[in-house]
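Colleague: input-v2.cif is reproduced below (mmCIF, N, CA, C and O atoms).
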```cif
data_model
#
loop_
_atom_site.label_atom_id
_atom_site.label_comp_id
_atom_site.auth_asym_id
_atom_site.auth_seq_id
_atom_site.Cartn_x
_atom_site.Cartn_y
_atom_site.Cartn_z
N HIS B 1 75.93 40.99 29.71
CA HIS B 1 75.15 41.21 30.91
C HIS B 1 75.03 39.90 31.66
O HIS B 1 74.70 38.87 31.07
N TYR B 2 75.30 39.94 32.94
CA TYR B 2 75.21 38.75 33.78
C TYR B 2 74.31 39.03 34.97
O TYR B 2 74.24 40.15 35.45
N ASP B 3 73.66 38.00 35.44
CA ASP B 3 72.78 38.12 36.61
C ASP B 3 73.15 37.00 37.58
O ASP B 3 72.94 35.83 37.28
N PHE B 4 73.76 37.38 38.71
CA PHE B 4 74.16 36.40 39.71
C PHE B 4 73.24 36.50 40.91
O PHE B 4 72.89 37.59 41.34
N ARG B 5 72.90 35.38 41.47
CA ARG B 5 72.06 35.34 42.67
C ARG B 5 72.81 34.62 43.79
O ARG B 5 73.59 33.70 43.54
N ASN B 6 72.56 35.04 45.02
CA ASN B 6 73.16 34.41 46.20
C ASN B 6 74.68 34.34 46.10
O ASN B 6 75.28 33.30 46.33
N VAL B 7 75.29 35.47 45.76
CA VAL B 7 76.73 35.56 45.64
C VAL B 7 77.23 36.57 46.68
O VAL B 7 76.66 37.65 46.82
N SER B 8 78.29 36.22 47.39
CA SER B 8 78.89 37.13 48.36
C SER B 8 80.05 37.86 47.70
O SER B 8 80.83 37.27 46.97
N MET B 9 80.14 39.16 47.98
CA MET B 9 81.22 39.98 47.45
C MET B 9 82.17 40.35 48.59
O MET B 9 81.71 40.74 49.67
N TYR B 10 83.47 40.25 48.33
CA TYR B 10 84.47 40.61 49.32
C TYR B 10 85.53 41.45 48.66
O TYR B 10 85.88 41.17 47.51
N PRO B 11 86.07 42.45 49.29
CA PRO B 11 85.65 42.93 50.61
C PRO B 11 84.30 43.63 50.53
O PRO B 11 83.90 44.13 49.48
N LYS B 12 83.64 43.69 51.63
CA LYS B 12 82.33 44.33 51.71
C LYS B 12 82.48 45.84 51.55
O LYS B 12 83.49 46.41 51.94
N GLY B 13 81.46 46.47 50.98
CA GLY B 13 81.46 47.91 50.82
C GLY B 13 81.42 48.62 52.16
O GLY B 13 80.84 48.12 53.12
N VAL B 14 82.04 49.77 52.23
CA VAL B 14 82.10 50.53 53.47
C VAL B 14 80.89 51.44 53.60
O VAL B 14 80.34 51.63 54.67
N GLN B 15 80.46 52.04 52.48
CA GLN B 15 79.39 53.02 52.51
C GLN B 15 78.04 52.33 52.35
O GLN B 15 77.87 51.46 51.51
N ARG B 16 77.08 52.75 53.13
CA ARG B 16 75.74 52.17 53.08
C ARG B 16 74.73 53.24 52.72
O ARG B 16 74.82 54.34 53.27
N PRO B 17 73.81 53.02 51.85
CA PRO B 17 73.59 51.75 51.16
C PRO B 17 74.49 51.58 49.95
O PRO B 17 74.60 50.50 49.40
N HIS B 18 75.19 52.62 49.52
CA HIS B 18 76.09 52.54 48.37
C HIS B 18 76.99 53.79 48.39
O HIS B 18 76.71 54.74 49.10
N PRO B 19 78.04 53.77 47.60
CA PRO B 19 78.87 54.99 47.52
C PRO B 19 78.06 56.14 46.94
O PRO B 19 77.20 55.93 46.08
N PRO B 20 78.30 57.37 47.39
CA PRO B 20 77.56 58.50 46.85
C PRO B 20 77.92 58.73 45.39
O PRO B 20 79.06 58.51 44.98
N ILE B 21 76.96 59.16 44.62
CA ILE B 21 77.19 59.52 43.23
C ILE B 21 77.20 61.04 43.15
O ILE B 21 76.21 61.69 43.45
N TRP B 22 78.35 61.59 42.81
CA TRP B 22 78.50 63.03 42.68
C TRP B 22 78.13 63.44 41.26
O TRP B 22 78.48 62.75 40.31
N ILE B 23 77.43 64.55 41.12
CA ILE B 23 77.08 65.06 39.80
C ILE B 23 77.77 66.41 39.62
O ILE B 23 77.63 67.31 40.44
N SER B 24 78.52 66.51 38.54
CA SER B 24 79.24 67.74 38.22
C SER B 24 78.34 68.66 37.41
O SER B 24 77.63 68.20 36.52
N ALA B 25 78.36 69.93 37.73
CA ALA B 25 77.53 70.90 37.02
C ALA B 25 78.28 72.20 36.85
O ALA B 25 78.88 72.71 37.78
N ARG B 26 78.22 72.73 35.64
CA ARG B 26 78.82 74.04 35.39
C ARG B 26 77.77 75.03 34.91
O ARG B 26 78.10 76.11 34.47
N ALA B 27 76.48 74.62 34.97
CA ALA B 27 75.37 75.47 34.55
C ALA B 27 74.14 75.09 35.37
O ALA B 27 74.10 74.01 35.99
N PRO B 28 73.12 75.93 35.39
CA PRO B 28 71.94 75.64 36.20
C PRO B 28 71.19 74.35 35.84
O PRO B 28 70.75 73.64 36.73
N ALA B 29 71.06 74.02 34.56
CA ALA B 29 70.28 72.83 34.18
C ALA B 29 70.83 71.53 34.79
O ALA B 29 70.09 70.78 35.43
N PRO B 30 72.14 71.23 34.64
CA PRO B 30 72.64 70.02 35.28
C PRO B 30 72.65 70.11 36.80
O PRO B 30 72.53 69.09 37.49
N ALA B 31 72.75 71.31 37.34
CA ALA B 31 72.69 71.47 38.80
C ALA B 31 71.29 71.12 39.31
O ALA B 31 71.15 70.48 40.35
N ARG B 32 70.26 71.53 38.57
CA ARG B 32 68.89 71.15 38.97
C ARG B 32 68.70 69.64 38.88
O ARG B 32 68.00 69.04 39.70
N ARG B 33 69.32 69.01 37.88
CA ARG B 33 69.25 67.55 37.77
C ARG B 33 69.88 66.90 38.99
O ARG B 33 69.34 65.94 39.56
N ALA B 34 71.03 67.41 39.41
CA ALA B 34 71.68 66.87 40.61
C ALA B 34 70.76 66.99 41.82
O ALA B 34 70.66 66.08 42.64
N ALA B 35 70.06 68.12 41.92
CA ALA B 35 69.12 68.31 43.04
C ALA B 35 67.98 67.31 42.96
O ALA B 35 67.56 66.77 43.99
N ARG B 36 67.47 67.05 41.76
CA ARG B 36 66.36 66.08 41.62
C ARG B 36 66.79 64.70 42.13
O ARG B 36 66.00 63.97 42.70
N PHE B 37 68.06 64.35 41.88
CA PHE B 37 68.59 63.06 42.34
C PHE B 37 69.07 63.11 43.79
O PHE B 37 69.55 62.11 44.31
N ARG B 38 68.99 64.31 44.40
CA ARG B 38 69.48 64.51 45.77
C ARG B 38 70.94 64.11 45.88
O ARG B 38 71.37 63.46 46.84
N ALA B 39 71.70 64.49 44.87
CA ALA B 39 73.11 64.10 44.77
C ALA B 39 74.01 65.23 45.25
O ALA B 39 73.69 66.41 45.10
N PRO B 40 75.17 64.89 45.81
CA PRO B 40 76.17 65.90 46.12
C PRO B 40 76.59 66.60 44.83
O PRO B 40 76.59 66.01 43.75
N LEU B 41 76.98 67.86 44.96
CA LEU B 41 77.34 68.67 43.79
C LEU B 41 78.84 68.82 43.67
O LEU B 41 79.53 69.10 44.65
N GLN B 42 79.35 68.61 42.46
CA GLN B 42 80.76 68.87 42.17
C GLN B 42 80.83 70.03 41.19
O GLN B 42 80.25 69.97 40.10
N LEU B 43 81.50 71.09 41.58
CA LEU B 43 81.66 72.26 40.71
C LEU B 43 82.98 72.16 39.96
O LEU B 43 83.99 71.76 40.53
N PRO B 44 82.99 72.55 38.68
CA PRO B 44 84.20 72.44 37.87
C PRO B 44 85.21 73.53 38.24
O PRO B 44 84.88 74.47 38.96
N PRO B 45 86.42 73.42 37.73
CA PRO B 45 87.42 74.46 37.99
C PRO B 45 86.94 75.83 37.54
O PRO B 45 86.21 75.94 36.55
N LEU B 46 87.34 76.85 38.25
CA LEU B 46 86.93 78.22 37.92
C LEU B 46 87.27 78.61 36.49
O LEU B 46 86.51 79.31 35.84
N GLN B 47 88.41 78.15 35.99
CA GLN B 47 88.78 78.56 34.64
C GLN B 47 87.83 77.98 33.60
O GLN B 47 87.76 78.48 32.48
N ASP B 48 87.07 76.95 33.94
CA ASP B 48 86.13 76.36 32.99
C ASP B 48 84.83 77.13 32.89
O ASP B 48 84.22 77.19 31.83
N CYS B 49 84.34 77.67 34.00
CA CYS B 49 83.04 78.35 33.94
C CYS B 49 83.03 79.70 34.66
O CYS B 49 82.05 80.42 34.58
N GLY B 50 84.09 80.03 35.37
CA GLY B 50 84.14 81.31 36.07
C GLY B 50 83.31 81.30 37.34
O GLY B 50 82.48 80.42 37.57
N LEU B 51 83.56 82.27 38.19
CA LEU B 51 82.86 82.35 39.47
C LEU B 51 81.36 82.53 39.29
O LEU B 51 80.57 81.94 40.03
N ASP B 52 80.94 83.31 38.28
CA ASP B 52 79.50 83.49 38.06
C ASP B 52 78.84 82.18 37.66
O ASP B 52 77.72 81.89 38.08
N GLY B 53 79.53 81.36 36.86
CA GLY B 53 78.99 80.06 36.47
C GLY B 53 78.86 79.13 37.66
O GLY B 53 77.85 78.43 37.81
N GLU B 54 79.87 79.11 38.52
CA GLU B 54 79.80 78.29 39.73
C GLU B 54 78.67 78.75 40.64
O GLU B 54 77.93 77.94 41.18
N ARG B 55 78.54 80.05 40.80
CA ARG B 55 77.50 80.60 41.67
C ARG B 55 76.12 80.24 41.12
O ARG B 55 75.24 79.80 41.87
N ALA B 56 75.91 80.39 39.81
CA ALA B 56 74.61 80.07 39.20
C ALA B 56 74.29 78.59 39.36
O ALA B 56 73.15 78.22 39.66
N ALA B 57 75.29 77.73 39.18
CA ALA B 57 75.07 76.29 39.33
C ALA B 57 74.72 75.95 40.77
O ALA B 57 73.77 75.21 41.04
N TYR B 58 75.49 76.50 41.71
CA TYR B 58 75.22 76.22 43.12
C TYR B 58 73.82 76.70 43.53
O TYR B 58 73.08 75.98 44.19
N GLU B 59 73.46 77.91 43.13
CA GLU B 59 72.15 78.45 43.51
C GLU B 59 71.02 77.62 42.91
O GLU B 59 70.02 77.37 43.58
N ALA B 60 71.15 77.17 41.67
CA ALA B 60 70.12 76.33 41.05
C ALA B 60 69.99 75.01 41.81
O ALA B 60 68.89 74.51 42.05
N TRP B 61 71.14 74.44 42.21
CA TRP B 61 71.14 73.19 42.96
C TRP B 61 70.48 73.38 44.33
O TRP B 61 69.61 72.60 44.73
N ALA B 62 70.87 74.44 45.04
CA ALA B 62 70.30 74.71 46.36
C ALA B 62 68.81 74.98 46.28
O ALA B 62 68.03 74.50 47.12
N GLN B 63 68.37 75.71 45.26
CA GLN B 63 66.94 75.98 45.09
C GLN B 63 66.19 74.69 44.75
O GLN B 63 65.06 74.48 45.21
N GLY B 64 66.81 73.82 43.94
CA GLY B 64 66.18 72.54 43.62
C GLY B 64 66.00 71.67 44.84
O GLY B 64 64.98 70.99 45.00
N LEU B 65 66.99 71.67 45.73
CA LEU B 65 66.85 70.92 46.97
C LEU B 65 65.78 71.54 47.87
O LEU B 65 64.96 70.83 48.46
N ALA B 66 65.77 72.88 47.97
CA ALA B 66 64.79 73.57 48.80
C ALA B 66 63.36 73.29 48.32
O ALA B 66 62.45 73.15 49.13
N ALA B 67 63.18 73.17 47.01
CA ALA B 67 61.85 72.87 46.46
C ALA B 67 61.36 71.49 46.91
O ALA B 67 60.16 71.23 46.92
N GLN B 68 62.30 70.62 47.29
CA GLN B 68 61.95 69.29 47.80
C GLN B 68 61.89 69.27 49.32
O GLN B 68 61.77 68.22 49.94
N GLY B 69 62.05 70.44 49.94
CA GLY B 69 62.03 70.53 51.39
C GLY B 69 63.34 70.12 52.03
O GLY B 69 63.38 69.77 53.21
N LEU B 70 64.44 70.17 51.27
CA LEU B 70 65.75 69.76 51.77
C LEU B 70 66.65 70.97 51.95
O LEU B 70 66.54 71.96 51.23
N ASP B 71 67.58 70.87 52.89
CA ASP B 71 68.52 71.95 53.18
C ASP B 71 69.85 71.64 52.50
O ASP B 71 70.46 70.60 52.77
N ALA B 72 70.30 72.52 51.62
CA ALA B 72 71.54 72.30 50.88
C ALA B 72 72.74 72.15 51.82
O ALA B 72 73.70 71.46 51.47
N SER B 73 72.70 72.75 52.99
CA SER B 73 73.84 72.64 53.90
C SER B 73 74.02 71.23 54.44
O SER B 73 75.06 70.91 55.01
N ALA B 74 73.03 70.36 54.25
CA ALA B 74 73.15 68.97 54.70
C ALA B 74 73.83 68.09 53.66
O ALA B 74 74.06 66.91 53.90
N PHE B 75 74.15 68.66 52.50
CA PHE B 75 74.76 67.90 51.40
C PHE B 75 76.19 68.40 51.16
O PHE B 75 76.45 69.60 51.24
N PRO B 76 77.09 67.50 50.80
CA PRO B 76 78.45 67.95 50.49
C PRO B 76 78.53 68.61 49.12
O PRO B 76 77.78 68.27 48.21
N VAL B 77 79.43 69.56 48.99
CA VAL B 77 79.72 70.23 47.72
C VAL B 77 81.24 70.19 47.55
O VAL B 77 81.98 70.47 48.48
N MET B 78 81.69 69.84 46.35
CA MET B 78 83.11 69.77 46.09
C MET B 78 83.45 70.72 44.95
O MET B 78 82.76 70.75 43.94
N GLY B 79 84.48 71.49 45.13
CA GLY B 79 84.98 72.35 44.07
C GLY B 79 86.30 71.82 43.57
O GLY B 79 87.11 71.33 44.35
N ALA B 80 86.50 71.87 42.28
CA ALA B 80 87.76 71.41 41.70
C ALA B 80 88.57 72.61 41.25
O ALA B 80 88.00 73.62 40.84
N PHE B 81 89.86 72.52 41.33
CA PHE B 81 90.71 73.59 40.83
C PHE B 81 92.05 73.01 40.40
O PHE B 81 92.42 71.92 40.80
N SER B 82 92.69 73.73 39.56
CA SER B 82 94.01 73.31 39.08
C SER B 82 95.08 74.12 39.80
O SER B 82 94.88 75.29 40.11
N ALA B 83 96.22 73.51 40.03
CA ALA B 83 97.35 74.21 40.64
C ALA B 83 98.61 73.82 39.90
O ALA B 83 98.79 72.66 39.52
N VAL B 84 99.46 74.79 39.68
CA VAL B 84 100.74 74.53 39.05
C VAL B 84 101.81 74.84 40.09
O VAL B 84 101.84 75.91 40.67
N ILE B 85 102.68 73.88 40.29
CA ILE B 85 103.73 74.04 41.31
C ILE B 85 105.07 74.06 40.61
O ILE B 85 105.36 73.25 39.79
#
```
Starting from the file, lay out its structure as structure tokens.

Modeller:
Amino acid sequence: HYDFRNVSMYPKGVQRPHPPIWISARAPAPARRAARFRAPLQLPPLQDCGLDGERAAYEAWAQGLAAQGLDASAFPVMGAFSAVI
């Protein structure tokens, strides 16, 4: 562990105040955790949890944000999927 003071970092970060931290959830409990942190939601591939699992995770996340007075449509959501070419 190191602690540096008065040090400049280059190149400077683009995102302010920091890069977003995405939280992946395939069940309601981790989705509610993502909502508590006000984090964007990443849903796993359908083959991992199925459409019902994705729906349950998204709804838990959206309800968790709504309980804080936040609108889920203001947050990004990412879905992952596999493709074979």

Colleague: The PyMOL selection byres ((chain B and resi 23) around 7) on the file shown: which residues, as a ChimeraX atom specification?

Modeller: /B:21-22,24-25,30-31,34,39-43

Colleague: Write the selection just made, keeping N, CA, C and O atoms, as a PDB file, keeping the file's coordinate frame?

Modeller:
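Now in again-v2.pdb:
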```
ATOM      1  N   ILE B  21      76.960  59.160  44.620  1.00  0.00           N
ATOM      2  CA  ILE B  21      77.190  59.520  43.230  1.00  0.00           C
ATOM      3  C   ILE B  21      77.200  61.040  43.150  1.00  0.00           C
ATOM      4  O   ILE B  21      76.210  61.690  43.450  1.00  0.00           O
ATOM      5  N   TRP B  22      78.350  61.590  42.810  1.00  0.00           N
ATOM      6  CA  TRP B  22      78.500  63.030  42.680  1.00  0.00           C
ATOM      7  C   TRP B  22      78.130  63.440  41.260  1.00  0.00           C
ATOM      8  O   TRP B  22      78.480  62.750  40.310  1.00  0.00           O
ATOM      9  N   SER B  24      78.520  66.510  38.540  1.00  0.00           N
ATOM     10  CA  SER B  24      79.240  67.740  38.220  1.00  0.00           C
ATOM     11  C   SER B  24      78.340  68.660  37.410  1.00  0.00           C
ATOM     12  O   SER B  24      77.630  68.200  36.520  1.00  0.00           O
ATOM     13  N   ALA B  25      78.360  69.930  37.730  1.00  0.00           N
ATOM     14  CA  ALA B  25      77.530  70.900  37.020  1.00  0.00           C
ATOM     15  C   ALA B  25      78.280  72.200  36.850  1.00  0.00           C
ATOM     16  O   ALA B  25      78.880  72.710  37.780  1.00  0.00           O
ATOM     17  N   PRO B  30      72.140  71.230  34.640  1.00  0.00           N
ATOM     18  CA  PRO B  30      72.640  70.020  35.280  1.00  0.00           C
ATOM     19  C   PRO B  30      72.650  70.110  36.800  1.00  0.00           C
ATOM     20  O   PRO B  30      72.530  69.090  37.490  1.00  0.00           O
ATOM     21  N   ALA B  31      72.750  71.310  37.340  1.00  0.00           N
ATOM     22  CA  ALA B  31      72.690  71.470  38.800  1.00  0.00           C
ATOM     23  C   ALA B  31      71.290  71.120  39.310  1.00  0.00           C
ATOM     24  O   ALA B  31      71.150  70.480  40.350  1.00  0.00           O
ATOM     25  N   ALA B  34      71.030  67.410  39.410  1.00  0.00           N
ATOM     26  CA  ALA B  34      71.680  66.870  40.610  1.00  0.00           C
ATOM     27  C   ALA B  34      70.760  66.990  41.820  1.00  0.00           C
ATOM     28  O   ALA B  34      70.660  66.080  42.640  1.00  0.00           O
ATOM     29  N   ALA B  39      71.700  64.490  44.870  1.00  0.00           N
ATOM     30  CA  ALA B  39      73.110  64.100  44.770  1.00  0.00           C
ATOM     31  C   ALA B  39      74.010  65.230  45.250  1.00  0.00           C
ATOM     32  O   ALA B  39      73.690  66.410  45.100  1.00  0.00           O
ATOM     33  N   PRO B  40      75.170  64.890  45.810  1.00  0.00           N
ATOM     34  CA  PRO B  40      76.170  65.900  46.120  1.00  0.00           C
ATOM     35  C   PRO B  40      76.590  66.600  44.830  1.00  0.00           C
ATOM     36  O   PRO B  40      76.590  66.010  43.750  1.00  0.00           O
ATOM     37  N   LEU B  41      76.980  67.860  44.960  1.00  0.00           N
ATOM     38  CA  LEU B  41      77.340  68.670  43.790  1.00  0.00           C
ATOM     39  C   LEU B  41      78.840  68.820  43.670  1.00  0.00           C
ATOM     40  O   LEU B  41      79.530  69.100  44.650  1.00  0.00           O
ATOM     41  N   GLN B  42      79.350  68.610  42.460  1.00  0.00           N
ATOM     42  CA  GLN B  42      80.760  68.870  42.170  1.00  0.00           C
ATOM     43  C   GLN B  42      80.830  70.030  41.190  1.00  0.00           C
ATOM     44  O   GLN B  42      80.250  69.970  40.100  1.00  0.00           O
ATOM     45  N   LEU B  43      81.500  71.090  41.580  1.00  0.00           N
ATOM     46  CA  LEU B  43      81.660  72.260  40.710  1.00  0.00           C
ATOM     47  C   LEU B  43      82.980  72.160  39.960  1.00  0.00           C
ATOM     48  O   LEU B  43      83.990  71.760  40.530  1.00  0.00           O
TER      49      LEU B  43
END
```

Colleague: I'd like to know which residues of region 5-83 of chain B are strand (DSSP E or B) (by DSSP, run on the backbone); could you write them as a ChimeraX atom specification?

Modeller: /B:23-24,41-43,77-79

Colleague: What lies within 8 Å of Ala72 (chain B) using all atoms listed in the file, ignoring chain neighbours under 5 positions off, as a VMD selection string?

Modeller: chain B and resid 58 61 to 63 65 to 66 77

Colleague: Just list as an NGL selection string whatever in chain B DSSP marks as alpha helix (DSSP H).

Modeller: :B and (28-36 or 46-67)

Colleague: State, in Å with one decimal place, the distance from atom N of Arg16 (chain B) to atom O of Arg38 (chain B).

Modeller: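 Between atom N of Arg16 (chain B) and atom O of Arg38 (chain B) the gap is 13.7 Å.
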
Colleague: For CA of Glu59 (chain B) and CA of Arg26 (chain B), determine how far apart the two atoms are, in Å to one decimal place.

Modeller: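 Between CA of Glu59 (chain B) and CA of Arg26 (chain B) the gap works out to 11.4 Å.
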
Colleague: Could you work out an axis-aligned bounding box for all listed atoms of region 7-20 of chain B, with 8 Å added on each of the six sides, and give its centre and edge lengths in Å to one decimal, as AutoDock Vina command-line options?

Modeller:
```
--center_x 79.8 --center_y 47.1 --center_z 49.8 --size_x 28.5 --size_y 39.3 --size_z 25.7
```

Colleague: Nearest to Ala80 (chain B): which of B:Pro19, B:Pro11, B:Pro45, B:Pro28 is it, counting only C-alpha atoms?

Modeller: B:Pro45

Colleague: So how many Å separate CA of Asp3 (chain B) and CA of His18 (chain B), to one decimal?

Modeller: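 Interatomic distance here is 18.9 Å.
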
Colleague: Measuring between all atoms listed in the file, which one of B:Arg33, B:Arg5, B:Gln15, B:Ala27 shows the shortest distance to Gly64 (chain B)?

Modeller: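 Using all atoms listed in the file, Gly64 (chain B) sits closest to B:Arg33.
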
Colleague: Find, counting only C-alpha atoms, the residue in B:Tyr2, B:Ser8, B:Leu70, B:Ala35 that gets nearest to Ala57 (chain B).

Modeller: B:Ala35

Colleague: Which of these residues is nearest to Arg32 (chain B), using only N, CA, C and O atoms: B:Gly79, B:Asn6, B:Ala56, B:Ser73?

Modeller: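 Of the candidates, the smallest distance to Arg32 (chain B) is held by B:Ala56.
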
Colleague: Show me that you can extract region 9-73 of chain B, keeping C-alpha atoms, and write it as a PDB file, in the first residue's frame.

Modeller:
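Result file decode23.pdb:
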```pdb
ATOM      1  CA  MET B   9      -1.318  11.721 -13.147  1.00  0.00           C
ATOM      2  CA  TYR B  10      -1.124  11.740 -16.943  1.00  0.00           C
ATOM      3  CA  PRO B  11      -3.052  11.318 -19.070  1.00  0.00           C
ATOM      4  CA  LYS B  12      -5.907  12.847 -17.141  1.00  0.00           C
ATOM      5  CA  GLY B  13      -9.115  10.867 -16.723  1.00  0.00           C
ATOM      6  CA  VAL B  14     -11.911  11.632 -19.155  1.00  0.00           C
ATOM      7  CA  GLN B  15     -14.873  10.770 -16.928  1.00  0.00           C
ATOM      8  CA  ARG B  16     -15.745  12.985 -13.981  1.00  0.00           C
ATOM      9  CA  PRO B  17     -15.673  12.411 -11.116  1.00  0.00           C
ATOM     10  CA  HIS B  18     -14.567   8.852 -11.982  1.00  0.00           C
ATOM     11  CA  PRO B  19     -15.352   6.035 -14.404  1.00  0.00           C
ATOM     12  CA  PRO B  20     -18.737   4.427 -13.713  1.00  0.00           C
ATOM     13  CA  ILE B  21     -18.720   1.167 -11.801  1.00  0.00           C
ATOM     14  CA  TRP B  22     -21.101  -1.324 -13.375  1.00  0.00           C
ATOM     15  CA  ILE B  23     -22.596  -4.028 -11.166  1.00  0.00           C
ATOM     16  CA  SER B  24     -23.622  -7.314 -12.748  1.00  0.00           C
ATOM     17  CA  ALA B  25     -26.700  -9.043 -11.382  1.00  0.00           C
ATOM     18  CA  ARG B  26     -28.457 -12.250 -12.315  1.00  0.00           C
ATOM     19  CA  ALA B  27     -30.824 -12.263  -9.308  1.00  0.00           C
ATOM     20  CA  PRO B  28     -32.811  -9.698  -7.298  1.00  0.00           C
ATOM     21  CA  ALA B  29     -30.428  -9.474  -4.293  1.00  0.00           C
ATOM     22  CA  PRO B  30     -27.363  -8.234  -6.227  1.00  0.00           C
ATOM     23  CA  ALA B  31     -29.625  -6.023  -8.347  1.00  0.00           C
ATOM     24  CA  ARG B  32     -30.903  -4.318  -5.185  1.00  0.00           C
ATOM     25  CA  ARG B  33     -27.273  -3.834  -4.110  1.00  0.00           C
ATOM     26  CA  ALA B  34     -26.543  -2.138  -7.431  1.00  0.00           C
ATOM     27  CA  ALA B  35     -29.517   0.163  -6.818  1.00  0.00           C
ATOM     28  CA  ARG B  36     -28.247   1.041  -3.321  1.00  0.00           C
ATOM     29  CA  PHE B  37     -24.947   2.123  -4.903  1.00  0.00           C
ATOM     30  CA  ARG B  38     -26.857   3.935  -7.683  1.00  0.00           C
ATOM     31  CA  ALA B  39     -24.774   1.936 -10.135  1.00  0.00           C
ATOM     32  CA  PRO B  40     -25.522   1.084 -13.757  1.00  0.00           C
ATOM     33  CA  LEU B  41     -26.794  -2.471 -14.155  1.00  0.00           C
ATOM     34  CA  GLN B  42     -25.148  -5.168 -16.252  1.00  0.00           C
ATOM     35  CA  LEU B  43     -27.325  -8.192 -16.991  1.00  0.00           C
ATOM     36  CA  PRO B  44     -25.653 -11.548 -17.732  1.00  0.00           C
ATOM     37  CA  PRO B  45     -26.171 -13.549 -20.921  1.00  0.00           C
ATOM     38  CA  LEU B  46     -29.621 -15.082 -21.274  1.00  0.00           C
ATOM     39  CA  GLN B  47     -28.240 -18.607 -21.247  1.00  0.00           C
ATOM     40  CA  ASP B  48     -26.885 -17.976 -17.723  1.00  0.00           C
ATOM     41  CA  CYS B  49     -30.121 -16.914 -16.036  1.00  0.00           C
ATOM     42  CA  GLY B  50     -32.884 -16.904 -18.656  1.00  0.00           C
ATOM     43  CA  LEU B  51     -35.286 -14.117 -19.520  1.00  0.00           C
ATOM     44  CA  ASP B  52     -37.193 -14.506 -16.237  1.00  0.00           C
ATOM     45  CA  GLY B  53     -33.945 -14.085 -14.276  1.00  0.00           C
ATOM     46  CA  GLU B  54     -33.026 -10.958 -16.221  1.00  0.00           C
ATOM     47  CA  ARG B  55     -36.517  -9.538 -15.760  1.00  0.00           C
ATOM     48  CA  ALA B  56     -36.483 -10.223 -11.990  1.00  0.00           C
ATOM     49  CA  ALA B  57     -33.040  -8.622 -11.634  1.00  0.00           C
ATOM     50  CA  TYR B  58     -34.021  -5.554 -13.650  1.00  0.00           C
ATOM     51  CA  GLU B  59     -37.286  -5.071 -11.750  1.00  0.00           C
ATOM     52  CA  ALA B  60     -35.531  -5.367  -8.361  1.00  0.00           C
ATOM     53  CA  TRP B  61     -32.945  -2.810  -9.507  1.00  0.00           C
ATOM     54  CA  ALA B  62     -35.589  -0.398 -10.843  1.00  0.00           C
ATOM     55  CA  GLN B  63     -37.656  -0.730  -7.649  1.00  0.00           C
ATOM     56  CA  GLY B  64     -34.535  -0.122  -5.546  1.00  0.00           C
ATOM     57  CA  LEU B  65     -33.823   3.074  -7.452  1.00  0.00           C
ATOM     58  CA  ALA B  66     -37.485   4.167  -7.205  1.00  0.00           C
ATOM     59  CA  ALA B  67     -37.355   3.677  -3.420  1.00  0.00           C
ATOM     60  CA  GLN B  68     -34.589   6.311  -3.413  1.00  0.00           C
ATOM     61  CA  GLY B  69     -36.675   8.660  -5.550  1.00  0.00           C
ATOM     62  CA  LEU B  70     -34.648   7.907  -8.694  1.00  0.00           C
ATOM     63  CA  ASP B  71     -35.865   7.045 -12.185  1.00  0.00           C
ATOM     64  CA  ALA B  72     -34.309   3.880 -13.641  1.00  0.00           C
ATOM     65  CA  SER B  73     -34.572   5.317 -17.157  1.00  0.00           C
TER      66      SER B  73
END
```
